[in-house]
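Engineer: Can you read through this structure? Questions will come right after.
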Amino acid sequence: MPKYRLRTETLSRAAASKGDRSGYAIAKRTGLDQALISRWRRGLSAPSTNSLVVLCATYGLSLTDLVGPADAPENSEAAAGATAAASSERTIPNRVAADQRERS
């Protein structure tokens with residue numbers, strides 16, 4: 001069964017178009033819990049069907065606008081952050097090793 005993820009960039013753009021630039025503003029407009037919105041935006045949990053319906057209705061989005069395959073990295077700000085963190089974790093030890101070789 002395919003896995004799906006909230007397209008946080010799409011949600012952020014749609015919310016910003018209505019002046020909602022923070023999780024707090026999204027929560028205030030939608031009536032959804034701010035902590036839940038924060039977890040969704042960081043990729044730590046997924047919204048329920050009811051929450052997706054509220055988000056779609058509030059921001060004029062379709063479900064396909066708001067939800068996409070989990071394996072698409074552009075679907076999550078958290079995925080982008082995790083990719084950047086993993087990339088820097090790989091390069092820092094390489095730099096340290098290169099510095100040690102140069103000193104030898």
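Letters A, B, ... mark the chains of the structure tokens in the order given; residue numbers begin at 1 per chain; ligand numbers begin at 1, in order shown.
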Excluding Thr30 (chain A) and any residue of its chain fewer than 6 positions from it, enumerate the residues within 8 Å of it, using only C-alpha atoms, and give them as an mmCIF file with N, CA and C atoms, in the first residue's frame.
Structural biologist:
data_model
loop_
_atom_site.group_PDB
_atom_site.id
_atom_site.type_symbol
_atom_site.label_atom_id
_atom_site.label_comp_id
_atom_site.auth_asym_id
_atom_site.auth_seq_id
_atom_site.Cartn_x
_atom_site.Cartn_y
_atom_site.Cartn_z
ATOM 1 N N VAL A 54 -10.726 19.980 6.481
ATOM 2 C CA VAL A 54 -10.750 21.350 7.010
ATOM 3 C C VAL A 54 -9.708 22.213 6.303
ATOM 4 N N LEU A 55 -8.493 21.694 6.150
ATOM 5 C CA LEU A 55 -7.437 22.451 5.468
ATOM 6 C C LEU A 55 -7.819 22.760 4.020
ATOM 7 N N THR A 58 -10.636 25.384 3.958
ATOM 8 C CA THR A 58 -10.191 26.695 4.420
ATOM 9 C C THR A 58 -9.337 27.404 3.381
#
Engineer: Determine the nearest neighbour of Ser62 (chain A) from the options A:Ser45, A:Leu11, A:Trp40, A:Gln34, counting only C-alpha atoms.
Structural biologist: A:Leu11
Engineer: Might you pull out every residue within 12 Å of Arg13 (chain A), with only C-alpha atoms counted and same-chain residues fewer than 5 positions away left off, and present them as number ranges by chain?
Structural biologist: A: 7-8, 18-22, 26, 59-61, 65-66
Engineer: Next, dump the selected residues to file, keeping only N, CA, C and O atoms, as a PDB file, in the first residue's frame.
Structural biologist:
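What follows is the written file selection_9.pdb:
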ATOM      1  N   ARG A   7       1.712  17.764   1.759  1.00  0.00           N
ATOM      2  CA  ARG A   7       2.570  18.676   0.988  1.00  0.00           C
ATOM      3  C   ARG A   7       2.632  19.996   1.751  1.00  0.00           C
ATOM      4  O   ARG A   7       1.833  20.903   1.525  1.00  0.00           O
ATOM      5  N   THR A   8       3.587  20.087   2.638  1.00  0.00           N
ATOM      6  CA  THR A   8       3.660  21.233   3.540  1.00  0.00           C
ATOM      7  C   THR A   8       3.961  22.530   2.803  1.00  0.00           C
ATOM      8  O   THR A   8       3.503  23.592   3.218  1.00  0.00           O
ATOM      9  N   LYS A  18      -3.477  33.834   2.321  1.00  0.00           N
ATOM     10  CA  LYS A  18      -4.557  34.383   3.150  1.00  0.00           C
ATOM     11  C   LYS A  18      -3.993  35.115   4.371  1.00  0.00           C
ATOM     12  O   LYS A  18      -4.730  35.454   5.290  1.00  0.00           O
ATOM     13  N   GLY A  19      -2.675  35.295   4.398  1.00  0.00           N
ATOM     14  CA  GLY A  19      -2.044  36.016   5.497  1.00  0.00           C
ATOM     15  C   GLY A  19      -1.644  35.155   6.672  1.00  0.00           C
ATOM     16  O   GLY A  19      -1.201  35.668   7.698  1.00  0.00           O
ATOM     17  N   ASP A  20      -1.779  33.846   6.540  1.00  0.00           N
ATOM     18  CA  ASP A  20      -1.433  32.927   7.632  1.00  0.00           C
ATOM     19  C   ASP A  20      -0.019  32.393   7.414  1.00  0.00           C
ATOM     20  O   ASP A  20       0.183  31.433   6.697  1.00  0.00           O
ATOM     21  N   ARG A  21       0.950  33.044   8.016  1.00  0.00           N
ATOM     22  CA  ARG A  21       2.352  32.679   7.788  1.00  0.00           C
ATOM     23  C   ARG A  21       2.937  31.804   8.891  1.00  0.00           C
ATOM     24  O   ARG A  21       4.075  31.370   8.785  1.00  0.00           O
ATOM     25  N   SER A  22       2.179  31.522   9.929  1.00  0.00           N
ATOM     26  CA  SER A  22       2.690  30.700  11.025  1.00  0.00           C
ATOM     27  C   SER A  22       1.708  29.575  11.344  1.00  0.00           C
ATOM     28  O   SER A  22       0.540  29.621  10.938  1.00  0.00           O
ATOM     29  N   ILE A  26      -2.481  29.483  11.144  1.00  0.00           N
ATOM     30  CA  ILE A  26      -3.230  28.397  10.506  1.00  0.00           C
ATOM     31  C   ILE A  26      -4.195  27.788  11.517  1.00  0.00           C
ATOM     32  O   ILE A  26      -5.366  27.552  11.225  1.00  0.00           O
ATOM     33  N   TYR A  59      -8.443  26.672   2.733  1.00  0.00           N
ATOM     34  CA  TYR A  59      -7.490  27.295   1.830  1.00  0.00           C
ATOM     35  C   TYR A  59      -7.782  27.062   0.348  1.00  0.00           C
ATOM     36  O   TYR A  59      -6.959  27.389  -0.508  1.00  0.00           O
ATOM     37  N   GLY A  60      -8.943  26.500   0.041  1.00  0.00           N
ATOM     38  CA  GLY A  60      -9.336  26.323  -1.356  1.00  0.00           C
ATOM     39  C   GLY A  60      -8.464  25.349  -2.120  1.00  0.00           C
ATOM     40  O   GLY A  60      -8.188  25.555  -3.301  1.00  0.00           O
ATOM     41  N   LEU A  61      -8.042  24.301  -1.458  1.00  0.00           N
ATOM     42  CA  LEU A  61      -7.191  23.295  -2.084  1.00  0.00           C
ATOM     43  C   LEU A  61      -7.970  22.011  -2.310  1.00  0.00           C
ATOM     44  O   LEU A  61      -8.944  21.741  -1.617  1.00  0.00           O
ATOM     45  N   ASP A  65      -3.967  18.394  -4.173  1.00  0.00           N
ATOM     46  CA  ASP A  65      -3.036  19.505  -3.970  1.00  0.00           C
ATOM     47  C   ASP A  65      -2.273  19.330  -2.663  1.00  0.00           C
ATOM     48  O   ASP A  65      -1.102  19.673  -2.566  1.00  0.00           O
ATOM     49  N   LEU A  66      -2.965  18.812  -1.668  1.00  0.00           N
ATOM     50  CA  LEU A  66      -2.454  18.807  -0.301  1.00  0.00           C
ATOM     51  C   LEU A  66      -1.727  17.526   0.089  1.00  0.00           C
ATOM     52  O   LEU A  66      -0.943  17.520   1.027  1.00  0.00           O
TER      53      LEU A  66
END
